[in-house]
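Chemist: One structure follows; several queries about it will come next.
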There are 2 protein chains.
Amino acid sequence: MQVVVPYAAHAPKTRLEPLLDADERESFARAMLADVLEAVEESGRTATVLATGPVDVDVAVIVDERPLTEAVDGVLATSDDPVAVVMADLALATPTSFDQLFETEGDVVIAPGRGGGTNALVVRHPDFRTDYHGVSYHDHLAVARKVGASVEVFDSFRLSTDVDEPEDLVEVLLHGGDRSSAWLERRGFTLETGAGRVAVVRGWNERPRVENG
Amino acid sequence: MQVVVPYAAHAPKTRLEPLLDADERESFARAMLADVLEAVEESGRTATVLATGPVDVDVAVIVDERPLTEAVDGVLATSDDPVAVVMADLALATPTSFDQLFETEGDVVIAPGRGGGTNALVVRHPDFRTDYHGVSYHDHLAVARKVGASVEVFDSFRLSTDVDEPEDLVEVLLHGGDRSSAWLERRGFTLETGAGRVAVVRGWNERPRVENG
């Protein structure tokens with residue numbers, strides 16, 4: 001099984017702008033990518049990064065500037081083996097959660113993300129193609145039905161948690177991988193308990209006013 | 001195993017106020033409770049509702065007006081059997097997810113909720129007590145350590161999704177139980193795709209201006 005990790009090399013994680021400047025967002029995205037790659041490797045599989053530009057990692061990198069759907073479909077179309085596609089911001093992923101995902105049977109295995117997303121996919125059907133726009137969870141179910149592929153939905157809190165929005169940093173501090181959680185802690189992020197769910201606050205080490213570029 | 005489902009009989013789901021009036025919040029909370037009770041029963045276990053006041057359901061009800069922690073601890077202190085505690089707003093729970101939770105070994109099994117919560121617990125240790133205030137996931141790990149109880153963390157997207165905030169309704173529409181999702185659909189809630197995660201909108205059938213009481 002080939003495990004592909006798509007990664008936006010340019011201006012990643014823009015929705016974290018309320019909390020992190022551009023350099024920080026890139027640095028944090030790299031920390032999450034490193035955690036994901038390590039979890040894949042420790043699950044016994046080999047990861048390949050599918051990036052929109054060059055990225056310096058210890059695994060193979062395919063550079064493809066096309067949008068996510070087209071780039072992933074390019075891999076699917078040229079692979080004879082099963083392909084797993086796991087997002088680079090799954091900072092809560094563990095070797096066990098990946099191993100259980102990869103071992104789940106089905107022509108298509110979907111690990112849904114919050115908000116209708118598809119955080120991880122295993123594709124064992126030659127005609128399945130992706131559609132990451134909109135409610136991709138629904139779209140992927142529909143594509144599988146159309147091509148006659150059996151579907152399993154993989155139920156994991158860890159893999160359902162992609163890190164896009166400020167509130168997601170709570171989960172990284174609570175349950176995240178070593179690099180991602182340490183990255184936040186080093187920059188002063190801590191948990192704050194209030195009336196609703198726990199939030200993050202940045203207590204010290206004000207973020208520097210560095211412009212991107 | 002005794003499966004206890006705590007339920008706030010008075011003014012439940014206040015954080016849904018931006019979208020639902022008081023009568024609607026109570027009605028929606030009851031729909032979620034019914035889905036949870038059905039999933040417990042279909043997992044082959046018997047549920048008991050632990051409510052702050054009388055509630056009309058087809059299973060046994062313990063009325064205990066004390067706060068959640070004290071009420072649950074009251075059950076733990078008087079039970080010789082293992083006790084499972086599952087929240088009444090786990091609208092995505094399925095018989096399979098509950099069955100796998102209840103079958104997971106460990107003196108204490110924790111299904112974390114988003115934001116540091118504890119959405120489900122299995123307690124097989126006589127000295128374990130709960131602490132639902134604050135970051136209860138951390139607190140429950142600490143309590144288990146203190147009393148020498150082994151802990152397993154149960155990784156489930158379905159059980160991690162408690163329904164407290166407006167954004168959580170997205171998950172109910174996408175993955176929720178029959179009654180909960182139908183309740184929202186009947187009242188005009190649909191998914192809206194925008195720049196970030198999918199949101200819910202209420203498209204028709206404006207909510208009536210009914211005051212609580």
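Labels used: A, B, ... for chains in the order of the structure tokens, numbers from 1 for residues in each chain, and numbers from 1 for ligands as shown.
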Using backbone DSSP assignments, extract all alpha helix (DSSP H) residues from range 116-148 of chain A; output them as a list in words.
Modeler: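 Those residues are Ser136, Tyr137, His138, Asp139, His140, Leu141, Ala142, Val143, Ala144, Arg145, Lys146 and Val147 of chain A.
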Chemist: For the residues in that selection, give me N, CA, C and O atoms as a PDB file, in the first residue's frame.
Modeler:
ATOM      1  N   SER A 136     -17.058  16.669   1.059  1.00  0.00           N
ATOM      2  CA  SER A 136     -16.375  15.588   0.344  1.00  0.00           C
ATOM      3  C   SER A 136     -16.780  14.221   0.880  1.00  0.00           C
ATOM      4  O   SER A 136     -16.734  13.234   0.147  1.00  0.00           O
ATOM      5  N   TYR A 137     -17.186  14.156   2.136  1.00  0.00           N
ATOM      6  CA  TYR A 137     -17.649  12.871   2.681  1.00  0.00           C
ATOM      7  C   TYR A 137     -18.826  12.348   1.855  1.00  0.00           C
ATOM      8  O   TYR A 137     -18.828  11.191   1.420  1.00  0.00           O
ATOM      9  N   HIS A 138     -19.809  13.189   1.610  1.00  0.00           N
ATOM     10  CA  HIS A 138     -20.952  12.790   0.782  1.00  0.00           C
ATOM     11  C   HIS A 138     -20.512  12.483  -0.638  1.00  0.00           C
ATOM     12  O   HIS A 138     -20.961  11.507  -1.246  1.00  0.00           O
ATOM     13  N   ASP A 139     -19.646  13.346  -1.183  1.00  0.00           N
ATOM     14  CA  ASP A 139     -19.214  13.157  -2.564  1.00  0.00           C
ATOM     15  C   ASP A 139     -18.482  11.823  -2.729  1.00  0.00           C
ATOM     16  O   ASP A 139     -18.682  11.113  -3.718  1.00  0.00           O
ATOM     17  N   HIS A 140     -17.643  11.486  -1.752  1.00  0.00           N
ATOM     18  CA  HIS A 140     -16.897  10.236  -1.874  1.00  0.00           C
ATOM     19  C   HIS A 140     -17.806   9.011  -1.747  1.00  0.00           C
ATOM     20  O   HIS A 140     -17.587   7.997  -2.409  1.00  0.00           O
ATOM     21  N   LEU A 141     -18.827   9.115  -0.896  1.00  0.00           N
ATOM     22  CA  LEU A 141     -19.815   8.024  -0.846  1.00  0.00           C
ATOM     23  C   LEU A 141     -20.501   7.866  -2.205  1.00  0.00           C
ATOM     24  O   LEU A 141     -20.713   6.750  -2.692  1.00  0.00           O
ATOM     25  N   ALA A 142     -20.840   9.006  -2.811  1.00  0.00           N
ATOM     26  CA  ALA A 142     -21.551   8.963  -4.101  1.00  0.00           C
ATOM     27  C   ALA A 142     -20.654   8.394  -5.207  1.00  0.00           C
ATOM     28  O   ALA A 142     -21.107   7.592  -6.034  1.00  0.00           O
ATOM     29  N   VAL A 143     -19.390   8.810  -5.219  1.00  0.00           N
ATOM     30  CA  VAL A 143     -18.465   8.298  -6.235  1.00  0.00           C
ATOM     31  C   VAL A 143     -18.322   6.786  -6.087  1.00  0.00           C
ATOM     32  O   VAL A 143     -18.356   6.034  -7.077  1.00  0.00           O
ATOM     33  N   ALA A 144     -18.176   6.331  -4.840  1.00  0.00           N
ATOM     34  CA  ALA A 144     -18.015   4.892  -4.609  1.00  0.00           C
ATOM     35  C   ALA A 144     -19.240   4.131  -5.109  1.00  0.00           C
ATOM     36  O   ALA A 144     -19.123   3.088  -5.762  1.00  0.00           O
ATOM     37  N   ARG A 145     -20.417   4.680  -4.831  1.00  0.00           N
ATOM     38  CA  ARG A 145     -21.652   4.027  -5.284  1.00  0.00           C
ATOM     39  C   ARG A 145     -21.663   3.952  -6.810  1.00  0.00           C
ATOM     40  O   ARG A 145     -21.996   2.920  -7.388  1.00  0.00           O
ATOM     41  N   LYS A 146     -21.272   5.045  -7.428  1.00  0.00           N
ATOM     42  CA  LYS A 146     -21.332   5.117  -8.900  1.00  0.00           C
ATOM     43  C   LYS A 146     -20.428   4.079  -9.564  1.00  0.00           C
ATOM     44  O   LYS A 146     -20.801   3.484 -10.577  1.00  0.00           O
ATOM     45  N   VAL A 147     -19.236   3.880  -8.985  1.00  0.00           N
ATOM     46  CA  VAL A 147     -18.303   2.942  -9.617  1.00  0.00           C
ATOM     47  C   VAL A 147     -18.452   1.522  -9.060  1.00  0.00           C
ATOM     48  O   VAL A 147     -17.700   0.625  -9.445  1.00  0.00           O
TER      49      VAL A 147
END
Chemist: Can you pull out every residue from range 13-185 of chain B that DSSP, working from the backbone, puts in strand (DSSP E), and format the result as a ChimeraX atom specification?
Modeler: /B:47-51,60-63,83-86,108-112,118-123,151-153
Chemist: Could you state the separation of CA of Leu191 in chain B and CA of Leu173 in chain B in Å, given to one decimal place?
Modeler: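 Atom-to-atom, CA of Leu191 in chain B and CA of Leu173 in chain B are spaced 7.6 Å apart.
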Chemist: Suppose you want the space between CA of Asp21 in chain B and CA of Pro6 in chain B; what is it in Å?
Modeler: 22.1 Å
Chemist: Can you check which parts of chain A lie within 10 Å of chain B? Per residue, the shortest pair of atoms and distance in Å to one decimal, counting only C-alpha atoms, sorted by chain and number, as a Markdown table.
Modeler:
| residue | atom | partner | partner_atom | distance |
| --- | --- | --- | --- | --- |
| A:Arg15 | CA | B:Gly196 | CA | 7.8 |
| A:Ser97 | CA | B:Asp155 | CA | 8.3 |
| A:Ala111 | CA | B:Phe157 | CA | 9.1 |
| A:Pro112 | CA | B:Phe157 | CA | 8.3 |
| A:Gly113 | CA | B:Phe157 | CA | 8.5 |
| A:Arg114 | CA | B:Glu171 | CA | 7.0 |
| A:Gly115 | CA | B:Val198 | CA | 5.0 |
| A:Gly116 | CA | B:Val198 | CA | 6.4 |
| A:Gly117 | CA | B:Arg197 | CA | 7.8 |
| A:His133 | CA | B:Thr193 | CA | 9.2 |
| A:Gly134 | CA | B:Thr193 | CA | 5.8 |
| A:Val135 | CA | B:Val198 | CA | 7.0 |
| A:Tyr137 | CA | B:Leu174 | CA | 8.7 |
| A:His138 | CA | B:Leu174 | CA | 8.3 |
| A:Phe154 | CA | B:Phe157 | CA | 8.8 |
| A:Asp155 | CA | B:Ser156 | CA | 5.3 |
| A:Ser156 | CA | B:Ser156 | CA | 4.3 |
| A:Phe157 | CA | B:Phe157 | CA | 3.7 |
| A:Arg158 | CA | B:Asp155 | CA | 6.7 |
| A:Leu159 | CA | B:Phe157 | CA | 7.9 |
| A:Ser160 | CA | B:Phe157 | CA | 6.1 |
| A:Thr161 | CA | B:Phe157 | CA | 8.5 |
| A:Asp164 | CA | B:Gly196 | CA | 8.4 |
| A:Glu165 | CA | B:Gly196 | CA | 8.6 |
| A:Glu167 | CA | B:Gly115 | CA | 8.3 |
| A:Asp168 | CA | B:Gly115 | CA | 8.6 |
| A:Leu169 | CA | B:Gly115 | CA | 9.6 |
| A:Val170 | CA | B:Gly115 | CA | 6.3 |
| A:Glu171 | CA | B:Gly115 | CA | 6.5 |
| A:Leu173 | CA | B:Gly116 | CA | 9.7 |
| A:Leu174 | CA | B:Gly116 | CA | 6.9 |
| A:His175 | CA | B:Gly116 | CA | 9.1 |
| A:Leu191 | CA | B:Val135 | CA | 8.7 |
| A:Glu192 | CA | B:Gly134 | CA | 9.0 |
| A:Thr193 | CA | B:Gly134 | CA | 5.8 |
| A:Gly194 | CA | B:Gly134 | CA | 7.8 |
| A:Ala195 | CA | B:Gly134 | CA | 9.0 |
| A:Gly196 | CA | B:Arg15 | CA | 7.8 |
| A:Arg197 | CA | B:Gly115 | CA | 5.1 |
| A:Val198 | CA | B:Gly115 | CA | 5.0 |
| A:Ala199 | CA | B:Gly115 | CA | 7.3 |
| A:Val200 | CA | B:Gly115 | CA | 9.8 |
Chemist: For the residues selected in the previous step, produce a file with N, CA and C atoms as a compact mmCIF listing (two decimals), in the first residue's frame.
Modeler:
# COMPACT_ATOMS: atom_id res chain seq x y z
N ARG A 15 -6.48 29.56 7.81
CA ARG A 15 -7.56 29.83 8.78
C ARG A 15 -7.05 29.93 10.22
N SER A 97 -3.83 4.21 15.12
CA SER A 97 -5.00 4.64 14.37
C SER A 97 -4.77 4.46 12.87
N ALA A 111 -12.25 7.82 6.40
CA ALA A 111 -12.24 8.37 7.76
C ALA A 111 -12.76 9.81 7.67
N PRO A 112 -14.02 10.02 8.07
CA PRO A 112 -14.57 11.37 7.93
C PRO A 112 -13.90 12.36 8.87
N GLY A 113 -13.79 13.59 8.38
CA GLY A 113 -13.35 14.68 9.23
C GLY A 113 -14.55 15.48 9.70
N ARG A 114 -14.35 16.29 10.70
CA ARG A 114 -15.45 17.15 11.14
C ARG A 114 -15.83 18.10 10.01
N GLY A 115 -17.12 18.44 9.97
CA GLY A 115 -17.57 19.40 8.98
C GLY A 115 -17.69 18.82 7.58
N GLY A 116 -17.88 17.51 7.48
CA GLY A 116 -18.14 16.92 6.18
C GLY A 116 -16.91 16.60 5.35
N GLY A 117 -15.75 16.72 5.93
CA GLY A 117 -14.52 16.48 5.20
C GLY A 117 -14.15 15.00 5.13
N HIS A 133 -13.81 18.92 -2.98
CA HIS A 133 -14.56 20.18 -2.85
C HIS A 133 -15.83 19.92 -2.04
N GLY A 134 -16.31 20.93 -1.33
CA GLY A 134 -17.60 20.86 -0.66
C GLY A 134 -17.65 19.79 0.42
N VAL A 135 -18.79 19.11 0.52
CA VAL A 135 -18.98 18.06 1.53
C VAL A 135 -18.38 16.78 0.96
N TYR A 137 -17.19 14.16 2.14
CA TYR A 137 -17.65 12.87 2.68
C TYR A 137 -18.83 12.35 1.85
N HIS A 138 -19.81 13.19 1.61
CA HIS A 138 -20.95 12.79 0.78
C HIS A 138 -20.51 12.48 -0.64
N PHE A 154 -14.55 4.59 8.64
CA PHE A 154 -13.64 4.31 9.75
C PHE A 154 -13.86 5.35 10.84
N ASP A 155 -14.23 4.88 12.00
CA ASP A 155 -14.67 5.75 13.10
C ASP A 155 -13.51 6.04 14.04
N SER A 156 -12.90 7.21 13.91
CA SER A 156 -11.78 7.57 14.77
C SER A 156 -11.82 9.05 15.11
N PHE A 157 -11.83 9.34 16.40
CA PHE A 157 -11.71 10.73 16.84
C PHE A 157 -10.39 11.32 16.36
N ARG A 158 -9.32 10.54 16.51
CA ARG A 158 -8.00 11.05 16.13
C ARG A 158 -7.94 11.43 14.65
N LEU A 159 -8.46 10.56 13.82
CA LEU A 159 -8.39 10.84 12.38
C LEU A 159 -9.48 11.79 11.93
N SER A 160 -10.49 12.02 12.75
CA SER A 160 -11.53 13.01 12.40
C SER A 160 -11.06 14.43 12.67
N THR A 161 -9.96 14.57 13.38
CA THR A 161 -9.52 15.89 13.81
C THR A 161 -8.43 16.43 12.90
N ASP A 164 -7.49 22.97 11.33
CA ASP A 164 -7.69 24.09 10.42
C ASP A 164 -8.01 25.38 11.15
N GLU A 165 -8.80 25.27 12.20
CA GLU A 165 -9.37 26.45 12.86
C GLU A 165 -8.74 26.61 14.23
N GLU A 167 -9.95 26.74 17.14
CA GLU A 167 -10.48 25.82 18.16
C GLU A 167 -9.83 24.44 18.09
N ASP A 168 -9.31 24.07 16.90
CA ASP A 168 -8.69 22.75 16.76
C ASP A 168 -7.39 22.64 17.54
N LEU A 169 -6.79 23.80 17.87
CA LEU A 169 -5.52 23.75 18.61
C LEU A 169 -5.72 23.15 20.00
N VAL A 170 -6.94 23.27 20.54
CA VAL A 170 -7.25 22.63 21.82
C VAL A 170 -6.96 21.13 21.74
N GLU A 171 -7.41 20.53 20.65
CA GLU A 171 -7.22 19.07 20.52
C GLU A 171 -5.75 18.71 20.39
N LEU A 173 -3.22 20.37 21.74
CA LEU A 173 -2.63 20.45 23.09
C LEU A 173 -3.03 19.25 23.94
N LEU A 174 -4.26 18.79 23.80
CA LEU A 174 -4.76 17.70 24.64
C LEU A 174 -4.29 16.32 24.17
N HIS A 175 -4.30 16.11 22.86
CA HIS A 175 -4.12 14.74 22.35
C HIS A 175 -3.10 14.64 21.22
N LEU A 191 -4.35 25.78 27.67
CA LEU A 191 -5.79 25.57 27.69
C LEU A 191 -6.44 26.56 28.65
N GLU A 192 -7.63 27.02 28.27
CA GLU A 192 -8.37 27.92 29.14
C GLU A 192 -9.78 27.36 29.33
N THR A 193 -10.16 27.17 30.57
CA THR A 193 -11.47 26.62 30.87
C THR A 193 -12.45 27.74 31.12
N GLY A 194 -13.56 27.73 30.38
CA GLY A 194 -14.58 28.75 30.57
C GLY A 194 -15.94 28.11 30.67
N ALA A 195 -16.96 28.81 30.17
CA ALA A 195 -18.33 28.31 30.29
C ALA A 195 -18.59 27.16 29.32
N GLY A 196 -18.08 27.26 28.09
CA GLY A 196 -18.35 26.22 27.11
C GLY A 196 -17.21 25.24 27.04
N ARG A 197 -16.82 24.89 25.81
CA ARG A 197 -15.69 24.00 25.63
C ARG A 197 -14.41 24.72 26.00
N VAL A 198 -13.38 23.93 26.27
CA VAL A 198 -12.06 24.49 26.57
C VAL A 198 -11.54 25.23 25.33
N ALA A 199 -10.87 26.36 25.56
CA ALA A 199 -10.30 27.14 24.46
C ALA A 199 -8.78 27.18 24.62
N VAL A 200 -8.09 27.76 23.63
CA VAL A 200 -6.65 28.01 23.80
C VAL A 200 -6.43 29.50 24.00
Chemist: Quick one: of A:Arg202, A:Val57, A:Met1, A:Asp80, who's nearest to Leu101 in chain A, counting only C-alpha atoms?
Modeler: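 Nearest to Leu101 in chain A: A:Met1.
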Chemist: Go through A:Val201, A:Ile110, A:Leu92, A:Val36 one by one, measure the shortest atom-to-atom distance of each to Glu185 in chain A using only C-alpha atoms, and give the residue with the smallest value.
Modeler: A:Val201
Chemist: Considering only C-alpha atoms, state which residue in the set B:Asp162, B:Asp23, B:Asp35, B:Asp131 is at the smallest distance from Arg179 in chain B.
Modeler: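 Between B:Asp162, B:Asp23, B:Asp35, B:Asp131, the residue approaching Arg179 in chain B most closely is B:Asp35.
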Chemist: Under the rule that only C-alpha atoms are counted, which of B:Val172, B:Leu33, B:Leu121, B:Ala51 is the nearest residue to Val86 in chain B?
Modeler: B:Leu121
Chemist: If you measure from CA of Lys13 in chain A to CA of Ala29 in chain A, what distance in Å do you get, rounded to one decimal?
Modeler: 7.0 Å
